[in-house]
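Enquirer: Structure incoming, see below.
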Amino acid sequence: MTESSALSGSLLPSSPRDTHAVVVGGGTMGADVAIVLARGGCRVTVVEPQASQCDALHQRVLAGLADLELAHRAQRVITAPSVREVDWRDARLVVECIPEKLDLKQALFAQLLELAPASTVLTSNSSSFPISAIAQGLPTQLRMLGLHFFMPAHLVPLVEVVLGPQTDNAVAEGLCGFMRGCGSVPVLVRKDKPGFLANRLQHALSREAFAMIDEGVATPEDVDAAVRFGFGFRYLAAGPVMQRDHAGLDVHCAAAATMYPSLSNTAEPSRALRERVQAGRFGMKAGAGFYDWTPETRQTERERYDRLLRQGLQLLASELPPIDKSF
């Protein structure tokens, strides 16, 4: 079967039930992606070579599905120590979640050319590398896409479906429908730009936030409060485009004309970021970033963060794709 003739078989079903999906990489993100896929009813094989990691993976999957009253679906998630030990015969989807090293990703997808069926949709969760770079030189480019989740993937509904220059549009649309069947909210990113869609928006905001910290306009604490309890709070109900319709486009246009000339357009990270990175203050994982962290405060913060995300999901439940819990 040729690559082009296999494309019709690469259209994923809108109902993920019993579809075999393969997640390569069993770290935190890989485990959360497995939860998302099992939530939709997939049979999931997670490739994880470290046996010690597999117990933690299964515990996280079980806990995540139990929160959704779907603990019985944890049995749909199994592990394999290598891609060569996966039963590829009916695999319909691959989600790569390995470390962010381009050569490793390119080598993996070259290997999948040999192992996976010619109709399998091949995706990467990479946030750093465009799918065009990962797919370079491969004949599978028509069915290769970015599938970018946000941590924690089982609590943040959004997933970006990113097309490369050669990706077949029908395959991308089919993947969007499939992810809706898993309870996710997919957005189609039609151009493979650095940062895709959501991260570009986040970094645009962060650039101005850190510029104001550099200028002494506000403290990190006040910047966070302005977002969380101000316009960010409203974003739960309406995104920035719809929000302008609420407020009035004439009002926004006039405000933009006043503010845009003074917004930061620097091409390099802010002093506030650079100085902390140089000092080894990388955030929670280093015990300090903009805030100081002990093991106890880190654990408390993560619990608070996840709890609020779950509450947010409950608030948005009527607007999220439904999950079939009948099986």
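Lettering and numbering for the structure tokens are positional, with chains as A, B, ... in the shown order, residues counted from 1 in each chain, and ligands counted from 1 in the shown order.
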Please list as a ChimeraX atom specification every residue within 8 Å of stretch 39-42 of chain A, counting only C-alpha atoms and excluding residues in the same chain fewer than 2 positions away.
Expert: /A:15-21,35-37,44,65,70,73,76,181-183,323-324
Enquirer: Just to be explicit: take each residue in the selection above, keep C-alpha atoms, and write the result as a short mmCIF file (atom, residue, chain, number, x, y, z; two decimals), in the first residue's frame.
Expert:
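As a result, selection.cif now contains:
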data_model
loop_
_atom_site.label_atom_id
_atom_site.label_comp_id
_atom_site.auth_asym_id
_atom_site.auth_seq_id
_atom_site.Cartn_x
_atom_site.Cartn_y
_atom_site.Cartn_z
CA SER A 15 -15.81 7.63 18.71
CA PRO A 16 -12.48 6.53 20.25
CA ARG A 17 -14.02 3.47 21.89
CA ASP A 18 -11.71 0.45 21.57
CA THR A 19 -9.31 2.30 19.25
CA HIS A 20 -5.71 1.24 19.89
CA ALA A 21 -3.50 4.23 20.63
CA ILE A 35 -5.59 9.20 30.89
CA VAL A 36 -7.11 11.43 28.19
CA LEU A 37 -7.15 8.60 25.65
CA VAL A 44 -3.68 2.46 25.23
CA LEU A 65 -9.56 8.08 35.86
CA LEU A 70 -13.92 5.85 35.25
CA ARG A 73 -10.87 2.08 32.31
CA ARG A 76 -7.28 -0.39 29.21
CA GLY A 181 -14.54 12.05 21.54
CA CYS A 182 -11.88 11.85 24.28
CA GLY A 183 -13.43 14.87 26.02
CA ILE A 323 -17.63 11.55 27.75
CA ASP A 324 -19.36 8.26 26.98
#
Enquirer: Which polymer residues have any atom within 10 Å of an atom of stretch 260-263 of chain A, counting only C-alpha atoms, with same-chain residues fewer than 4 positions away left out, as a list in words?
Expert: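 Final neighbour list, sorted by chain and number: Arg207, Glu208, Ala211, Met212, Ala255 and Ala256 of chain A.
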Enquirer: Taking the DSSP assignment computed from this structure's backbone, write out as a VMD selection string all residues of stretch 101-168 of chain A that belong to strand (DSSP E).
Expert: chain A and resid 121 to 124 144 to 149 158 to 163
Enquirer: Put those residues in a file: N, CA and C atoms, as a compact mmCIF listing (two decimals), in the first residue's frame.
Expert:
# COMPACT_ATOMS: atom_id res chain seq x y z
N VAL A 121 -1.99 7.29 12.31
CA VAL A 121 -1.75 8.73 12.44
C VAL A 121 -0.62 8.92 13.44
N LEU A 122 0.39 9.68 13.04
CA LEU A 122 1.61 9.85 13.83
C LEU A 122 1.69 11.27 14.35
N THR A 123 1.75 11.44 15.67
CA THR A 123 1.72 12.78 16.25
C THR A 123 2.82 12.95 17.29
N SER A 124 3.19 14.21 17.50
CA SER A 124 4.19 14.57 18.51
C SER A 124 3.60 15.60 19.46
N MET A 144 1.44 13.06 9.57
CA MET A 144 2.16 13.49 10.77
C MET A 144 1.66 14.87 11.20
N LEU A 145 1.40 15.01 12.51
CA LEU A 145 0.88 16.25 13.05
C LEU A 145 1.46 16.51 14.43
N GLY A 146 1.41 17.75 14.86
CA GLY A 146 1.63 18.04 16.27
C GLY A 146 0.33 17.80 17.01
N LEU A 147 0.41 17.22 18.20
CA LEU A 147 -0.75 17.04 19.08
C LEU A 147 -0.30 17.52 20.45
N HIS A 148 -0.44 18.81 20.67
CA HIS A 148 0.19 19.46 21.82
C HIS A 148 -0.79 19.63 22.97
N PHE A 149 -0.53 18.92 24.06
CA PHE A 149 -1.33 19.00 25.28
C PHE A 149 -0.69 20.00 26.24
N LEU A 158 -7.76 21.87 26.61
CA LEU A 158 -7.26 22.23 25.28
C LEU A 158 -6.21 21.25 24.76
N VAL A 159 -6.29 20.96 23.47
CA VAL A 159 -5.21 20.27 22.77
C VAL A 159 -5.08 20.91 21.40
N GLU A 160 -3.84 21.19 20.99
CA GLU A 160 -3.58 21.81 19.69
C GLU A 160 -3.27 20.73 18.66
N VAL A 161 -4.00 20.76 17.57
CA VAL A 161 -3.75 19.87 16.43
C VAL A 161 -3.03 20.72 15.38
N VAL A 162 -1.74 20.45 15.19
CA VAL A 162 -0.88 21.34 14.40
C VAL A 162 -0.54 20.68 13.07
N LEU A 163 -0.86 21.34 11.99
CA LEU A 163 -0.55 20.83 10.66
C LEU A 163 0.86 21.23 10.25
Enquirer: Using backbone DSSP assignments, extract all helix (DSSP H, G or I) residues from stretch 64-269 of chain A; output them as JSON, numbers by chain.
Expert: {"A": [64, 65, 66, 67, 71, 72, 73, 74, 75, 76, 83, 84, 85, 102, 103, 104, 105, 106, 107, 108, 109, 110, 111, 112, 113, 114, 115, 131, 132, 133, 134, 141, 142, 143, 169, 170, 171, 172, 173, 174, 175, 176, 177, 178, 179, 180, 181, 198, 199, 200, 201, 202, 203, 204, 205, 206, 207, 208, 209, 210, 211, 212, 213, 214, 220, 221, 222, 223, 224, 225, 226, 227, 228, 229, 230, 231, 232, 233, 234, 240, 241, 242, 243, 244, 245, 246, 247, 249, 250, 251, 252, 253, 254, 255, 256, 257, 258, 259, 260, 261, 262]}
Enquirer: Just the number, please: distance in Å from atom CA of A:Ala107 to atom CA of A:Pro49, one decimal.
Expert: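 These atoms are spaced 16.2 Å apart.
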Enquirer: Pull the closest atom pair for each residue of stretch 163-281 of chain A that gets at most 12 Å from stretch 93-104 of chain A, along with the distance in Å to one decimal, counting only C-alpha atoms, ordering rows by chain and then ascending residue number, as CSV.
Expert:
residue,atom,partner,partner_atom,distance
A:Val171,CA,A:Leu93,CA,11.2
A:Gly174,CA,A:Leu93,CA,11.4
A:Leu175,CA,A:Leu93,CA,9.1
A:Phe178,CA,A:Leu93,CA,10.1
A:Met179,CA,A:Leu93,CA,11.2
Enquirer: Rounded to one decimal, what separation in Å do you get between atom CA of A:Ile134 and atom CA of A:Ala172?
Expert: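 Computing the Euclidean distance for atom CA of A:Ile134 and atom CA of A:Ala172 yields 16.9 Å.
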Enquirer: Can you tell me how far atom CA of A:Pro322 sits from atom CA of A:Arg180, in Å to one decimal?
Expert: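 Separation of atom CA of A:Pro322 and atom CA of A:Arg180: 8.2 Å.
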Enquirer: Between A:Pro321, A:Gly164, A:Pro157, A:Gly27, which has the minimum distance to A:Gly177 (counting only C-alpha atoms)?
Expert: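 Comparing A:Pro321, A:Gly164, A:Pro157, A:Gly27 against A:Gly177, the winner is A:Pro321.
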Enquirer: Taking into account only C-alpha atoms, which residue in the set A:Ala51, A:Cys176, A:Ala38, A:Val223 is nearest to A:Ala71?
Expert: A:Ala38
Enquirer: If you count only C-alpha atoms, which residues fall within 12 Å of A:Gly25, apart from same-chain ones fewer than 3 positions away, as a PyMOL selection string?
Expert: chain A and resi 22+28-34+45-50+53-54+57+79-83+94-100+104-105+108+124-126
Enquirer: Go ahead and write the selection's residues with N, CA and C atoms as a tab-separated table (two decimals), in the first residue's frame.
Expert:
chain	number	residue	atom	x	y	z
A	22	VAL	N	-1.09	4.40	20.84
A	22	VAL	CA	0.23	4.14	21.43
A	22	VAL	C	0.83	5.46	21.88
A	28	THR	N	5.37	12.04	33.25
A	28	THR	CA	4.13	12.67	33.71
A	28	THR	C	3.22	13.02	32.55
A	29	MET	N	3.77	13.62	31.49
A	29	MET	CA	2.93	13.99	30.35
A	29	MET	C	2.39	12.77	29.64
A	30	GLY	N	3.23	11.76	29.44
A	30	GLY	CA	2.76	10.54	28.79
A	30	GLY	C	1.65	9.87	29.58
A	31	ALA	N	1.78	9.84	30.90
A	31	ALA	CA	0.73	9.26	31.74
A	31	ALA	C	-0.57	10.04	31.62
A	32	ASP	N	-0.47	11.38	31.62
A	32	ASP	CA	-1.67	12.20	31.51
A	32	ASP	C	-2.34	12.06	30.14
A	33	VAL	N	-1.54	11.93	29.09
A	33	VAL	CA	-2.10	11.71	27.76
A	33	VAL	C	-2.81	10.35	27.72
A	34	ALA	N	-2.22	9.36	28.38
A	34	ALA	CA	-2.87	8.05	28.45
A	34	ALA	C	-4.23	8.15	29.16
A	45	THR	N	-1.45	1.64	24.77
A	45	THR	CA	-0.16	1.06	25.10
A	45	THR	C	0.82	2.20	25.32
A	46	VAL	N	1.41	2.25	26.51
A	46	VAL	CA	2.42	3.27	26.82
A	46	VAL	C	3.79	2.62	26.76
A	47	VAL	N	4.66	3.14	25.92
A	47	VAL	CA	6.02	2.61	25.80
A	47	VAL	C	6.88	3.30	26.84
A	48	GLU	N	7.36	2.52	27.80
A	48	GLU	CA	8.20	3.05	28.88
A	48	GLU	C	9.28	2.02	29.22
A	49	PRO	N	10.53	2.29	28.87
A	49	PRO	CA	11.60	1.30	29.08
A	49	PRO	C	12.01	1.09	30.53
A	50	GLN	N	11.74	2.06	31.41
A	50	GLN	CA	12.15	1.93	32.81
A	50	GLN	C	11.04	1.28	33.63
A	53	GLN	N	9.45	3.15	36.46
A	53	GLN	CA	8.52	4.23	36.12
A	53	GLN	C	7.11	3.72	35.89
A	54	CYS	N	6.99	2.43	35.57
A	54	CYS	CA	5.68	1.89	35.19
A	54	CYS	C	4.70	1.87	36.35
A	57	LEU	N	3.36	5.29	36.78
A	57	LEU	CA	2.48	5.58	35.65
A	57	LEU	C	1.09	4.99	35.89
A	79	THR	N	1.54	-1.30	29.43
A	79	THR	CA	2.86	-0.77	29.10
A	79	THR	C	3.65	-1.77	28.26
A	80	ALA	N	4.61	-1.24	27.52
A	80	ALA	CA	5.55	-2.05	26.76
A	80	ALA	C	6.94	-1.45	26.95
A	81	PRO	N	7.97	-2.28	27.06
A	81	PRO	CA	9.31	-1.76	27.33
A	81	PRO	C	9.99	-1.10	26.13
A	82	SER	N	9.48	-1.32	24.93
A	82	SER	CA	10.09	-0.71	23.74
A	82	SER	C	9.06	-0.68	22.63
A	83	VAL	N	9.33	0.14	21.62
A	83	VAL	CA	8.38	0.23	20.50
A	83	VAL	C	8.33	-1.08	19.74
A	94	VAL	N	-0.47	7.28	17.19
A	94	VAL	CA	0.73	7.36	18.03
A	94	VAL	C	0.86	8.78	18.56
A	95	VAL	N	1.12	8.90	19.87
A	95	VAL	CA	1.41	10.20	20.47
A	95	VAL	C	2.80	10.12	21.10
A	96	GLU	N	3.74	10.85	20.55
A	96	GLU	CA	5.12	10.85	21.06
A	96	GLU	C	5.26	11.84	22.20
A	97	CYS	N	5.76	11.35	23.35
A	97	CYS	CA	5.95	12.18	24.55
A	97	CYS	C	7.35	11.96	25.13
A	98	ILE	N	8.35	11.82	24.28
A	98	ILE	CA	9.71	11.57	24.76
A	98	ILE	C	10.41	12.91	25.01
A	99	PRO	N	11.62	12.90	25.61
A	99	PRO	CA	12.31	14.17	25.92
A	99	PRO	C	12.48	15.07	24.70
A	100	GLU	N	12.58	16.38	24.98
A	100	GLU	CA	12.63	17.40	23.93
A	100	GLU	C	14.02	17.49	23.30
A	104	LEU	N	16.35	12.64	18.86
A	104	LEU	CA	15.63	11.48	19.40
A	104	LEU	C	14.26	11.34	18.74
A	105	LYS	N	13.59	12.46	18.55
A	105	LYS	CA	12.26	12.42	17.95
A	105	LYS	C	12.35	11.99	16.48
A	108	LEU	N	12.92	8.30	16.33
A	108	LEU	CA	11.72	7.54	16.68
A	108	LEU	C	10.77	7.45	15.50
A	124	SER	N	3.19	14.21	17.50
A	124	SER	CA	4.19	14.57	18.51
A	124	SER	C	3.60	15.60	19.46
A	125	ASN	N	3.83	15.40	20.75
A	125	ASN	CA	3.40	16.35	21.77
A	125	ASN	C	4.44	17.45	21.99
A	126	SER	N	5.45	17.51	21.17
A	126	SER	CA	6.53	18.48	21.37
A	126	SER	C	6.00	19.91	21.43
Enquirer: Taking into account only C-alpha atoms, which residue in the set A:Gly280, A:Pro152, A:Gly287, A:Gly195 is nearest to A:Gly64?
Expert: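 Checking each of A:Gly280, A:Pro152, A:Gly287, A:Gly195 against A:Gly64, counting only C-alpha atoms, the winner is A:Pro152.
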